[in-house]
>>> print(open('work-v1.pdb').read())   # PDB, C-alpha atoms
ATOM      1  CA  MET A  42      83.516 162.451 107.769  1.00  0.00           C
ATOM      2  CA  GLU A  43      85.995 161.716 104.981  1.00  0.00           C
ATOM      3  CA  LYS A  44      83.346 159.993 102.848  1.00  0.00           C
ATOM      4  CA  ARG A  45      80.887 162.843 103.409  1.00  0.00           C
ATOM      5  CA  LEU A  46      83.501 165.414 102.370  1.00  0.00           C
ATOM      6  CA  TYR A  47      84.422 163.361  99.298  1.00  0.00           C
ATOM      7  CA  ARG A  48      80.749 163.048  98.293  1.00  0.00           C
ATOM      8  CA  LYS A  49      80.165 166.776  98.778  1.00  0.00           C
ATOM      9  CA  ARG A  50      83.223 167.702  96.710  1.00  0.00           C
ATOM     10  CA  TRP A  51      82.184 165.174  94.042  1.00  0.00           C
ATOM     11  CA  ILE A  52      78.683 166.670  93.669  1.00  0.00           C
ATOM     12  CA  THR A  53      79.951 170.265  93.738  1.00  0.00           C
ATOM     13  CA  ALA A  54      82.609 169.591  91.096  1.00  0.00           C
ATOM     14  CA  LEU A  55      80.231 167.677  88.803  1.00  0.00           C
ATOM     15  CA  THR A  56      77.677 170.485  89.039  1.00  0.00           C
ATOM     16  CA  ALA A  57      80.334 173.012  88.024  1.00  0.00           C
ATOM     17  CA  CYS A  58      81.426 170.776  85.120  1.00  0.00           C
ATOM     18  CA  PHE A  59      77.808 170.361  84.024  1.00  0.00           C
ATOM     19  CA  ALA A  60      77.445 174.145  83.788  1.00  0.00           C
ATOM     20  CA  ILE A  61      80.738 174.465  81.862  1.00  0.00           C
ATOM     21  CA  ASN A  62      79.709 171.708  79.438  1.00  0.00           C
ATOM     22  CA  ILE A  63      76.374 173.389  78.748  1.00  0.00           C
ATOM     23  CA  VAL A  64      78.177 176.599  77.767  1.00  0.00           C
ATOM     24  CA  GLU A  65      80.666 174.638  75.654  1.00  0.00           C
ATOM     25  CA  ILE A  66      78.129 172.497  73.812  1.00  0.00           C
ATOM     26  CA  ILE A  67      76.046 175.547  72.962  1.00  0.00           C
ATOM     27  CA  ALA A  68      79.084 177.506  71.790  1.00  0.00           C
ATOM     28  CA  CYS A  69      80.382 174.574  69.727  1.00  0.00           C
ATOM     29  CA  ASN A  70      77.124 173.424  68.123  1.00  0.00           C
ATOM     30  CA  LEU A  71      74.774 176.416  67.949  1.00  0.00           C
ATOM     31  CA  PRO A  72      76.439 177.821  64.782  1.00  0.00           C
ATOM     32  CA  LEU A  73      76.126 174.381  63.139  1.00  0.00           C
ATOM     33  CA  LEU A  74      72.470 174.140  64.114  1.00  0.00           C
ATOM     34  CA  ASP A  75      71.797 177.613  62.742  1.00  0.00           C
ATOM     35  CA  MET A  76      73.511 176.767  59.418  1.00  0.00           C
ATOM     36  CA  PHE A  77      71.547 173.509  59.174  1.00  0.00           C
ATOM     37  CA  ARG A  78      68.222 175.247  59.774  1.00  0.00           C
ATOM     38  CA  ARG A  79      69.043 177.827  57.092  1.00  0.00           C
ATOM     39  CA  GLY A  80      69.802 175.049  54.607  1.00  0.00           C
ATOM     40  CA  LEU A  81      73.544 175.685  54.423  1.00  0.00           C
ATOM     41  CA  LEU A  82      74.313 172.159  55.650  1.00  0.00           C
ATOM     42  CA  SER A  83      72.753 168.899  54.521  1.00  0.00           C
ATOM     43  CA  THR A  84      71.490 166.398  57.102  1.00  0.00           C
ATOM     44  CA  ALA A  85      74.541 164.202  56.555  1.00  0.00           C
ATOM     45  CA  GLU A  86      76.946 167.152  56.842  1.00  0.00           C
ATOM     46  CA  PHE A  87      75.243 168.409  59.994  1.00  0.00           C
ATOM     47  CA  ASN A  88      75.453 165.018  61.703  1.00  0.00           C
ATOM     48  CA  GLU A  89      79.071 164.525  60.666  1.00  0.00           C
ATOM     49  CA  ASN A  90      80.003 167.962  62.021  1.00  0.00           C
ATOM     50  CA  ILE A  91      78.308 167.226  65.348  1.00  0.00           C
ATOM     51  CA  ILE A  92      80.514 164.203  66.030  1.00  0.00           C
ATOM     52  CA  THR A  93      83.716 165.642  64.544  1.00  0.00           C
ATOM     53  CA  GLY A  94      83.209 169.305  65.441  1.00  0.00           C
ATOM     54  CA  ASP A  95      84.677 171.445  68.210  1.00  0.00           C
ATOM     55  CA  PHE A  96      83.042 169.489  71.072  1.00  0.00           C
ATOM     56  CA  HIS A  97      84.851 166.292  70.018  1.00  0.00           C
ATOM     57  CA  THR A  98      88.211 167.420  68.634  1.00  0.00           C
ATOM     58  CA  PRO A  99      91.635 166.402  70.013  1.00  0.00           C
ATOM     59  CA  LEU A 100      92.061 170.055  71.032  1.00  0.00           C
ATOM     60  CA  GLN A 101      88.907 169.848  73.125  1.00  0.00           C
ATOM     61  CA  TYR A 102      89.876 166.586  74.824  1.00  0.00           C
ATOM     62  CA  GLY A 103      93.622 167.107  74.990  1.00  0.00           C
ATOM     63  CA  VAL A 104      93.778 170.734  76.104  1.00  0.00           C
ATOM     64  CA  VAL A 105      90.458 172.426  76.998  1.00  0.00           C
ATOM     65  CA  GLN A 106      88.752 169.563  78.843  1.00  0.00           C
ATOM     66  CA  LEU A 107      92.079 168.347  80.205  1.00  0.00           C
ATOM     67  CA  VAL A 108      92.619 171.625  82.065  1.00  0.00           C
ATOM     68  CA  ILE A 109      89.112 171.395  83.524  1.00  0.00           C
ATOM     69  CA  TYR A 110      89.712 167.735  84.423  1.00  0.00           C
ATOM     70  CA  LEU A 111      92.948 168.402  86.312  1.00  0.00           C
ATOM     71  CA  PHE A 112      91.275 171.081  88.457  1.00  0.00           C
ATOM     72  CA  PHE A 113      88.244 168.803  88.848  1.00  0.00           C
ATOM     73  CA  ILE A 114      90.154 165.750  90.051  1.00  0.00           C
ATOM     74  CA  GLY A 115      92.492 167.875  92.147  1.00  0.00           C
ATOM     75  CA  TYR A 116      89.500 169.319  94.002  1.00  0.00           C
ATOM     76  CA  VAL A 117      87.694 166.002  94.444  1.00  0.00           C
ATOM     77  CA  VAL A 118      90.486 163.517  95.127  1.00  0.00           C
ATOM     78  CA  ASN A 119      93.642 165.312  96.220  1.00  0.00           C
ATOM     79  CA  ASN A 120      92.626 166.673  99.604  1.00  0.00           C
ATOM     80  CA  ILE A 121      95.576 164.865 101.202  1.00  0.00           C
ATOM     81  CA  SER A 122      96.841 165.104 104.774  1.00  0.00           C
ATOM     82  CA  VAL A 123      99.267 163.006 106.819  1.00  0.00           C
ATOM     83  CA  GLN A 124      96.498 162.152 109.289  1.00  0.00           C
ATOM     84  CA  ASP A 125      94.463 160.535 106.502  1.00  0.00           C
ATOM     85  CA  MET A 126      97.433 158.464 105.385  1.00  0.00           C
ATOM     86  CA  ILE A 127      98.259 157.276 108.901  1.00  0.00           C
ATOM     87  CA  ARG A 128      94.730 155.917 109.390  1.00  0.00           C
ATOM     88  CA  TYR A 129      95.343 153.428 106.560  1.00  0.00           C
ATOM     89  CA  THR A 130      98.369 151.890 108.375  1.00  0.00           C
ATOM     90  CA  TYR A 131     100.097 151.066 105.085  1.00  0.00           C
ATOM     91  CA  ARG A 132     100.945 153.807 102.622  1.00  0.00           C
ATOM     92  CA  LYS A 133     100.273 151.584  99.612  1.00  0.00           C
ATOM     93  CA  LYS A 134      96.766 150.878 100.891  1.00  0.00           C
ATOM     94  CA  TYR A 135      96.083 154.624 101.068  1.00  0.00           C
ATOM     95  CA  TRP A 136      97.277 155.200  97.514  1.00  0.00           C
ATOM     96  CA  LYS A 137      95.267 152.242  96.246  1.00  0.00           C
ATOM     97  CA  ASN A 138      92.211 153.910  97.754  1.00  0.00           C
ATOM     98  CA  GLN A 139      93.188 157.183  96.045  1.00  0.00           C
ATOM     99  CA  PHE A 140      93.630 155.286  92.771  1.00  0.00           C
ATOM    100  CA  VAL A 141      90.118 153.822  92.986  1.00  0.00           C
ATOM    101  CA  LYS A 142      88.710 157.291  93.703  1.00  0.00           C
ATOM    102  CA  ALA A 143      90.630 158.712  90.741  1.00  0.00           C
ATOM    103  CA  VAL A 144      89.263 156.053  88.361  1.00  0.00           C
ATOM    104  CA  ILE A 145      85.658 156.575  89.523  1.00  0.00           C
ATOM    105  CA  THR A 146      85.971 160.358  89.413  1.00  0.00           C
ATOM    106  CA  THR A 147      87.580 160.297  85.970  1.00  0.00           C
ATOM    107  CA  GLY A 148      84.842 158.022  84.654  1.00  0.00           C
ATOM    108  CA  ALA A 149      82.144 160.356  85.986  1.00  0.00           C
ATOM    109  CA  PHE A 150      83.847 163.396  84.428  1.00  0.00           C
ATOM    110  CA  VAL A 151      84.113 161.759  80.991  1.00  0.00           C
ATOM    111  CA  LEU A 152      80.587 160.295  81.077  1.00  0.00           C
ATOM    112  CA  LEU A 153      79.123 163.708  81.882  1.00  0.00           C
ATOM    113  CA  HIS A 154      80.783 165.221  78.807  1.00  0.00           C
ATOM    114  CA  GLU A 155      79.743 162.375  76.492  1.00  0.00           C
ATOM    115  CA  LEU A 156      76.167 162.049  77.798  1.00  0.00           C
ATOM    116  CA  MET A 157      75.584 165.748  77.162  1.00  0.00           C
ATOM    117  CA  SER A 158      76.758 165.203  73.599  1.00  0.00           C
ATOM    118  CA  VAL A 159      74.407 162.218  73.276  1.00  0.00           C
ATOM    119  CA  ALA A 160      71.504 164.337  74.563  1.00  0.00           C
ATOM    120  CA  PHE A 161      72.259 167.034  71.962  1.00  0.00           C
ATOM    121  CA  LEU A 162      72.466 164.429  69.198  1.00  0.00           C
ATOM    122  CA  ILE A 163      69.141 162.867  70.170  1.00  0.00           C
ATOM    123  CA  MET A 164      67.447 166.285  70.258  1.00  0.00           C
ATOM    124  CA  PHE A 165      68.849 167.752  67.033  1.00  0.00           C
ATOM    125  CA  GLY A 166      70.687 165.045  65.064  1.00  0.00           C
ATOM    126  CA  ASN A 167      69.487 162.134  62.979  1.00  0.00           C
ATOM    127  CA  VAL A 168      70.073 159.102  65.162  1.00  0.00           C
ATOM    128  CA  GLU A 169      69.317 156.599  62.370  1.00  0.00           C
ATOM    129  CA  ILE A 170      72.047 158.044  60.147  1.00  0.00           C
ATOM    130  CA  LEU A 171      74.505 158.092  63.032  1.00  0.00           C
ATOM    131  CA  ILE A 172      73.779 154.485  64.031  1.00  0.00           C
ATOM    132  CA  ARG A 173      74.389 153.368  60.435  1.00  0.00           C
ATOM    133  CA  HIS A 174      77.818 154.978  60.702  1.00  0.00           C
ATOM    134  CA  LYS A 175      78.680 153.150  63.965  1.00  0.00           C
ATOM    135  CA  TRP A 176      77.972 156.066  66.275  1.00  0.00           C
ATOM    136  CA  ILE A 177      77.128 153.848  69.268  1.00  0.00           C
ATOM    137  CA  GLN A 178      80.346 151.843  68.942  1.00  0.00           C
ATOM    138  CA  GLY A 179      82.263 155.068  68.375  1.00  0.00           C
ATOM    139  CA  ALA A 180      80.808 156.679  71.493  1.00  0.00           C
ATOM    140  CA  LEU A 181      81.846 153.671  73.609  1.00  0.00           C
ATOM    141  CA  PHE A 182      85.368 153.706  72.158  1.00  0.00           C
ATOM    142  CA  GLN A 183      85.462 157.452  72.802  1.00  0.00           C
ATOM    143  CA  ILE A 184      84.514 157.101  76.461  1.00  0.00           C
ATOM    144  CA  PHE A 185      87.178 154.494  77.168  1.00  0.00           C
ATOM    145  CA  SER A 186      89.896 156.302  75.217  1.00  0.00           C
ATOM    146  CA  VAL A 187      89.312 159.592  77.054  1.00  0.00           C
ATOM    147  CA  ILE A 188      89.198 157.864  80.460  1.00  0.00           C
ATOM    148  CA  LEU A 189      92.548 156.222  79.692  1.00  0.00           C
ATOM    149  CA  TYR A 190      94.086 159.466  78.438  1.00  0.00           C
ATOM    150  CA  TYR A 191      92.971 161.408  81.509  1.00  0.00           C
ATOM    151  CA  LEU A 192      94.259 158.697  83.841  1.00  0.00           C
ATOM    152  CA  PHE A 193      97.598 158.991  82.042  1.00  0.00           C
ATOM    153  CA  ALA A 194      97.510 162.763  82.665  1.00  0.00           C
ATOM    154  CA  TYR A 195      96.526 162.202  86.316  1.00  0.00           C
ATOM    155  CA  PHE A 196      99.450 159.820  86.940  1.00  0.00           C
ATOM    156  CA  LEU A 197     101.821 162.235  85.222  1.00  0.00           C
ATOM    157  CA  TYR A 198     100.537 165.060  87.418  1.00  0.00           C
ATOM    158  CA  GLU A 199     100.870 163.008  90.618  1.00  0.00           C
ATOM    159  CA  ILE A 200     104.406 161.893  89.717  1.00  0.00           C
ATOM    160  CA  LEU A 201     105.468 165.493  89.089  1.00  0.00           C
ATOM    161  CA  ARG A 202     103.663 166.566  92.245  1.00  0.00           C
ATOM    162  CA  SER A 203     105.876 164.309  94.353  1.00  0.00           C
ATOM    163  CA  TYR A 204     108.937 166.269  93.229  1.00  0.00           C
ATOM    164  CA  MET A 205     107.822 169.848  92.721  1.00  0.00           C
ATOM    165  CA  GLY A 206     104.572 170.520  94.582  1.00  0.00           C
ATOM    166  CA  GLN A 207     100.959 170.838  93.504  1.00  0.00           C
ATOM    167  CA  ASN A 208     100.889 174.169  91.661  1.00  0.00           C
ATOM    168  CA  ARG A 209     104.019 173.676  89.593  1.00  0.00           C
ATOM    169  CA  ALA A 210     103.056 170.075  88.808  1.00  0.00           C
ATOM    170  CA  LEU A 211      99.642 171.245  87.585  1.00  0.00           C
ATOM    171  CA  ILE A 212     101.119 173.928  85.335  1.00  0.00           C
ATOM    172  CA  ILE A 213     103.819 171.650  83.905  1.00  0.00           C
ATOM    173  CA  THR A 214     101.322 168.829  83.235  1.00  0.00           C
ATOM    174  CA  ILE A 215      99.072 171.220  81.308  1.00  0.00           C
ATOM    175  CA  ILE A 216     102.040 172.602  79.349  1.00  0.00           C
ATOM    176  CA  LEU A 217     103.365 169.117  78.506  1.00  0.00           C
ATOM    177  CA  CYS A 218      99.959 167.916  77.289  1.00  0.00           C
ATOM    178  CA  ALA A 219      99.397 171.107  75.270  1.00  0.00           C
ATOM    179  CA  VAL A 220     102.841 170.787  73.682  1.00  0.00           C
ATOM    180  CA  ALA A 221     102.157 167.105  72.920  1.00  0.00           C
ATOM    181  CA  TYR A 222      98.915 168.099  71.170  1.00  0.00           C
ATOM    182  CA  TYR A 223     100.674 170.785  69.119  1.00  0.00           C
ATOM    183  CA  CYS A 224     103.631 168.565  68.200  1.00  0.00           C
ATOM    184  CA  SER A 225     101.355 165.659  67.293  1.00  0.00           C
ATOM    185  CA  PHE A 226      99.669 167.656  64.535  1.00  0.00           C
ATOM    186  CA  LYS A 227     102.568 169.862  63.458  1.00  0.00           C
ATOM    187  CA  PHE A 228     105.810 167.904  63.730  1.00  0.00           C
ATOM    188  CA  PHE A 229     105.337 164.274  64.784  1.00  0.00           C
ATOM    189  CA  GLU A 230     102.674 163.072  62.358  1.00  0.00           C
ATOM    190  CA  ASN A 231     104.457 159.717  61.935  1.00  0.00           C
ATOM    191  CA  ILE A 232     105.315 159.282  65.624  1.00  0.00           C
ATOM    192  CA  TRP A 233     102.646 157.952  67.999  1.00  0.00           C
ATOM    193  CA  LEU A 234     101.668 160.064  71.003  1.00  0.00           C
ATOM    194  CA  PRO A 235      98.793 159.281  73.424  1.00  0.00           C
ATOM    195  CA  ILE A 236      96.792 162.289  72.154  1.00  0.00           C
ATOM    196  CA  ASP A 237      96.626 160.633  68.699  1.00  0.00           C
ATOM    197  CA  ASP A 238      94.153 158.006  69.933  1.00  0.00           C
ATOM    198  CA  VAL A 239      91.750 160.218  71.866  1.00  0.00           C
ATOM    199  CA  SER A 240      89.134 161.119  69.215  1.00  0.00           C
ATOM    200  CA  LEU A 241      88.066 157.592  68.296  1.00  0.00           C
ATOM    201  CA  MET A 242      84.377 158.311  67.686  1.00  0.00           C
ATOM    202  CA  GLY A 243      85.016 160.721  64.829  1.00  0.00           C
ATOM    203  CA  ASN A 244      87.699 158.463  63.372  1.00  0.00           C
ATOM    204  CA  LEU A 245      85.424 155.400  63.425  1.00  0.00           C
ATOM    205  CA  CYS A 246      82.273 157.098  62.153  1.00  0.00           C
ATOM    206  CA  THR A 247      84.062 158.829  59.255  1.00  0.00           C
ATOM    207  CA  GLY A 248      85.950 155.694  58.220  1.00  0.00           C
ATOM    208  CA  ILE A 249      89.446 156.849  59.208  1.00  0.00           C
ATOM    209  CA  TYR A 250      89.711 153.982  61.730  1.00  0.00           C
ATOM    210  CA  SER A 251      88.203 150.522  61.606  1.00  0.00           C
ATOM    211  CA  GLU A 252      86.902 148.865  64.785  1.00  0.00           C
ATOM    212  CA  LYS A 253      90.089 146.783  64.881  1.00  0.00           C
ATOM    213  CA  GLN A 254      92.185 149.955  64.807  1.00  0.00           C
ATOM    214  CA  CYS A 255      90.081 151.413  67.625  1.00  0.00           C
ATOM    215  CA  TRP A 256      90.804 148.326  69.751  1.00  0.00           C
ATOM    216  CA  LEU A 257      94.515 148.690  68.984  1.00  0.00           C
ATOM    217  CA  ALA A 258      94.307 152.364  69.971  1.00  0.00           C
ATOM    218  CA  LEU A 259      92.780 151.405  73.325  1.00  0.00           C
ATOM    219  CA  LEU A 260      95.517 148.804  73.779  1.00  0.00           C
ATOM    220  CA  ARG A 261      98.235 151.407  73.173  1.00  0.00           C
ATOM    221  CA  LEU A 262      96.633 153.810  75.626  1.00  0.00           C
ATOM    222  CA  SER A 263      96.176 151.023  78.192  1.00  0.00           C
ATOM    223  CA  GLU A 264      99.857 150.110  78.005  1.00  0.00           C
ATOM    224  CA  THR A 265     100.817 153.760  78.565  1.00  0.00           C
ATOM    225  CA  VAL A 266      98.476 154.046  81.540  1.00  0.00           C
ATOM    226  CA  ILE A 267      99.791 150.812  83.083  1.00  0.00           C
ATOM    227  CA  LEU A 268     103.383 152.036  82.739  1.00  0.00           C
ATOM    228  CA  PHE A 269     102.599 155.347  84.445  1.00  0.00           C
ATOM    229  CA  CYS A 270     100.489 153.578  87.068  1.00  0.00           C
ATOM    230  CA  ILE A 271     103.478 151.411  88.037  1.00  0.00           C
ATOM    231  CA  LEU A 272     105.694 154.516  88.268  1.00  0.00           C
ATOM    232  CA  PHE A 273     102.984 156.254  90.298  1.00  0.00           C
ATOM    233  CA  PHE A 274     102.855 153.522  92.966  1.00  0.00           C
ATOM    234  CA  ARG A 275     106.625 153.134  93.145  1.00  0.00           C
ATOM    235  CA  ILE A 276     107.193 156.863  93.642  1.00  0.00           C
ATOM    236  CA  LYS A 277     104.316 157.340  96.079  1.00  0.00           C
ATOM    237  CA  ASP A 278     105.497 154.372  98.140  1.00  0.00           C
ATOM    238  CA  LYS A 279     108.837 156.100  98.773  1.00  0.00           C
ATOM    239  CA  GLU A 280     108.026 159.813  98.947  1.00  0.00           C
ATOM    240  CA  ASP A 281     108.307 161.971 102.055  1.00  0.00           C
ATOM    241  CA  LEU A 282     104.844 162.173 103.666  1.00  0.00           C
ATOM    242  CA  LEU A 283     105.610 165.565 105.173  1.00  0.00           C
ATOM    243  CA  ILE A 284     105.534 167.220 101.731  1.00  0.00           C
ATOM    244  CA  TYR A 285     101.735 167.343 102.054  1.00  0.00           C
ATOM    245  CA  GLU A 286     102.088 169.331 105.270  1.00  0.00           C
ATOM    246  CA  LYS A 287     104.827 171.633 103.986  1.00  0.00           C
ATOM    247  CA  ARG A 288     102.978 172.716 100.865  1.00  0.00           C
TER
END
>>> encode(input="work-v1.pdb", output="structure tokens")
Amino acid sequence: MEKRLYRKRWITALTACFAINIVEIIACNLPLLDMFRRGLLSTAEFNENIITGDFHTPLQYGVVQLVIYLFFIGYVVNNISVQDMIRYTYRKKYWKNQFVKAVITTGAFVLLHELMSVAFLIMFGNVEILIRHKWIQGALFQIFSVILYYLFAYFLYEILRSYMGQNRALIITIILCAVAYYCSFKFFENIWLPIDDVSLMGNLCTGIYSEKQCWLALLRLSETVILFCILFFRIKDKEDLLIYEKR
């Protein structure tokens, strides 16, 4: 029953995200396509704008898609009850199962977004030009960086949720990530924040980052995720189970 419910929620949520991504990719790229067809953009400019434009900006990943992601993973994974926990005998075993679900669900969410971008690029972009500028490597770096960033946001949300409930934790997580995005580009340009290493594809393809720097970016994000993962398990192992019945 639990697996069937999880699968149903997973399919429903992915379908909703697919529809949202279609609207977003059209809104973000249709003006570029129109300008290219009217000769206002060269082939090189059009392809560069596709991979660095609105569908792939830090704002898109760090704020817009993040909000969608938190509702998405909350709907799919966080249908928690005390009865479900008790069936696992050990609390840590239950949360390990939730962790695995969160990783799989996050990966599916990110892959959906990136595969739709790939489909648009294949249909309207110049794949040969993009490959010469390390688009394939950039797309792989992008997928892993966004998965890591969203797992960081998920752990932050779950940690806050243990102390203040689901709704307030959701709102505060969104606010903190939005503030981090704003501060990263306005005030803390010389101070590293996780949002700085999200848009790796555009950075690699335009020469801002080398492949070595992309690997270092993934390492920094991985260390952040591991730290929050440790905090997540420690807090969840000690929290009051009845909070999921009270709220």
>>> atom_distance(input="work-v1.pdb", atom1="CA of Met76 in chain A", atom2="CA of Phe96 in chain A")
16.7 Å
>>> resolve_selection(input="work-v1.pdb", expression="the PyMOL selection byres ((chain A and resi 203) around 9)", output="list in words")
Tyr198, Glu199, Ile200, Leu201, Arg202, Tyr204, Met205, Gly206, Gln207, Ala210, Ile276, Lys277, Glu280, Asp281 and Ile284 of chain A
>>> write_last_selection(input="work-v1.pdb", atoms="C-alpha atoms", output="PDB file, in the coordinates of the input")
ATOM      1  CA  TYR A 198     100.537 165.060  87.418  1.00  0.00           C
ATOM      2  CA  GLU A 199     100.870 163.008  90.618  1.00  0.00           C
ATOM      3  CA  ILE A 200     104.406 161.893  89.717  1.00  0.00           C
ATOM      4  CA  LEU A 201     105.468 165.493  89.089  1.00  0.00           C
ATOM      5  CA  ARG A 202     103.663 166.566  92.245  1.00  0.00           C
ATOM      6  CA  TYR A 204     108.937 166.269  93.229  1.00  0.00           C
ATOM      7  CA  MET A 205     107.822 169.848  92.721  1.00  0.00           C
ATOM      8  CA  GLY A 206     104.572 170.520  94.582  1.00  0.00           C
ATOM      9  CA  GLN A 207     100.959 170.838  93.504  1.00  0.00           C
ATOM     10  CA  ALA A 210     103.056 170.075  88.808  1.00  0.00           C
ATOM     11  CA  ILE A 276     107.193 156.863  93.642  1.00  0.00           C
ATOM     12  CA  LYS A 277     104.316 157.340  96.079  1.00  0.00           C
ATOM     13  CA  GLU A 280     108.026 159.813  98.947  1.00  0.00           C
ATOM     14  CA  ASP A 281     108.307 161.971 102.055  1.00  0.00           C
ATOM     15  CA  ILE A 284     105.534 167.220 101.731  1.00  0.00           C
TER      16      ILE A 284
END
>>> axis_aligned_box(input="work-v1.pdb", around="range 172-186 of chain A", padding_each_side="4 Å", output="AutoDock Vina command-line options")
--center_x 81.8 --center_y 154.6 --center_z 68.8 --size_x 24.1 --size_y 13.6 --size_z 24.7
>>> resolve_selection(input="work-v1.pdb", expression="the PyMOL selection byres ((chain A and resi 243-251) around 12)", output="VMD selection string")
chain A and resid 85 to 86 88 to 99 170 to 183 237 to 242 252 to 258
>>> resolve_selection(input="work-v1.pdb", expression="the PyMOL selection byres ((chain A and resi 103) around 8)", output="VMD selection string")
chain A and resid 99 to 102 104 to 107 218 to 219 222 236 239
>>> atom_distance(input="work-v1.pdb", atom1="CA of Tyr195 in chain A", atom2="CA of Ala143 in chain A")
8.2 Å
>>> residues_around(input="work-v1.pdb", residues="Phe269 in chain A", least_positions_apart="2", cutoff="12 Å", atoms="all atoms listed in the file", output="PDB file with C-alpha atoms, keeping the file's coordinate frame")
ATOM      1  CA  LEU A 189      92.548 156.222  79.692  1.00  0.00           C
ATOM      2  CA  TYR A 190      94.086 159.466  78.438  1.00  0.00           C
ATOM      3  CA  TYR A 191      92.971 161.408  81.509  1.00  0.00           C
ATOM      4  CA  LEU A 192      94.259 158.697  83.841  1.00  0.00           C
ATOM      5  CA  PHE A 193      97.598 158.991  82.042  1.00  0.00           C
ATOM      6  CA  ALA A 194      97.510 162.763  82.665  1.00  0.00           C
ATOM      7  CA  TYR A 195      96.526 162.202  86.316  1.00  0.00           C
ATOM      8  CA  PHE A 196      99.450 159.820  86.940  1.00  0.00           C
ATOM      9  CA  LEU A 197     101.821 162.235  85.222  1.00  0.00           C
ATOM     10  CA  TYR A 198     100.537 165.060  87.418  1.00  0.00           C
ATOM     11  CA  GLU A 199     100.870 163.008  90.618  1.00  0.00           C
ATOM     12  CA  ILE A 200     104.406 161.893  89.717  1.00  0.00           C
ATOM     13  CA  LEU A 201     105.468 165.493  89.089  1.00  0.00           C
ATOM     14  CA  LEU A 262      96.633 153.810  75.626  1.00  0.00           C
ATOM     15  CA  SER A 263      96.176 151.023  78.192  1.00  0.00           C
ATOM     16  CA  GLU A 264      99.857 150.110  78.005  1.00  0.00           C
ATOM     17  CA  THR A 265     100.817 153.760  78.565  1.00  0.00           C
ATOM     18  CA  VAL A 266      98.476 154.046  81.540  1.00  0.00           C
ATOM     19  CA  ILE A 267      99.791 150.812  83.083  1.00  0.00           C
ATOM     20  CA  ILE A 271     103.478 151.411  88.037  1.00  0.00           C
ATOM     21  CA  LEU A 272     105.694 154.516  88.268  1.00  0.00           C
ATOM     22  CA  PHE A 273     102.984 156.254  90.298  1.00  0.00           C
ATOM     23  CA  PHE A 274     102.855 153.522  92.966  1.00  0.00           C
ATOM     24  CA  ARG A 275     106.625 153.134  93.145  1.00  0.00           C
ATOM     25  CA  ILE A 276     107.193 156.863  93.642  1.00  0.00           C
ATOM     26  CA  LYS A 277     104.316 157.340  96.079  1.00  0.00           C
TER      27      LYS A 277
END
>>> atom_distance(input="work-v1.pdb", atom1="CA of Thr214 in chain A", atom2="CA of Leu111 in chain A")
8.9 Å
>>> closest_residue(input="work-v1.pdb", among="A:Leu234, A:Asn138, A:Leu259, A:Ile212", to="Phe185 in chain A", atoms="all atoms listed in the file")
A:Leu259
>>> closest_residue(input="work-v1.pdb", among="A:Ala149, A:Met164, A:Ile66, A:Ala221", to="Val117 in chain A", atoms="all atoms listed in the file")
A:Ala149
>>> closest_atom_pairs(input="work-v1.pdb", of="range 99-168 of chain A", to="range 70-73 of chain A", cutoff="12 Å", atoms="all atoms listed in the file", output="Markdown table")
| residue | atom | partner | partner_atom | distance |
| --- | --- | --- | --- | --- |
| A:Met157 | CA | A:Asn70 | CA | 12.0 |
| A:Ser158 | CA | A:Asn70 | CA | 9.9 |
| A:Phe161 | CA | A:Asn70 | CA | 8.9 |
| A:Leu162 | CA | A:Asn70 | CA | 10.2 |
| A:Phe165 | CA | A:Asn70 | CA | 10.1 |
| A:Gly166 | CA | A:Leu73 | CA | 11.0 |
>>> residues_around(input="work-v1.pdb", residues="Gly148 in chain A", least_positions_apart="6", cutoff="9 Å", atoms="only C-alpha atoms", output="PDB file with C-alpha atoms, in the frame of the given file")
ATOM      1  CA  ILE A 184      84.514 157.101  76.461  1.00  0.00           C
ATOM      2  CA  PHE A 185      87.178 154.494  77.168  1.00  0.00           C
ATOM      3  CA  VAL A 187      89.312 159.592  77.054  1.00  0.00           C
ATOM      4  CA  ILE A 188      89.198 157.864  80.460  1.00  0.00           C
TER       5      ILE A 188
END
>>> decode(input="work-v1.pdb", residues="range 220-231 of chain A", atoms="C-alpha atoms", output="JSON list (two decimals), in the first residue's frame")
[["chain", "number", "residue", "atom", "x", "y", "z"],
["A", 220, "VAL", "CA", 18.09, 35.74, 0.47],
["A", 221, "ALA", "CA", 21.23, 33.66, -0.17],
["A", 222, "TYR", "CA", 20.72, 34.11, -3.93],
["A", 223, "TYR", "CA", 20.26, 37.88, -3.56],
["A", 224, "CYS", "CA", 23.21, 38.31, -1.19],
["A", 225, "SER", "CA", 25.46, 36.15, -3.37],
["A", 226, "PHE", "CA", 25.13, 38.54, -6.31],
["A", 227, "LYS", "CA", 24.74, 41.83, -4.44],
["A", 228, "PHE", "CA", 26.86, 41.75, -1.29],
["A", 229, "PHE", "CA", 28.94, 38.58, -0.92],
["A", 230, "GLU", "CA", 30.67, 38.35, -4.29],
["A", 231, "ASN", "CA", 33.94, 37.26, -2.63]]
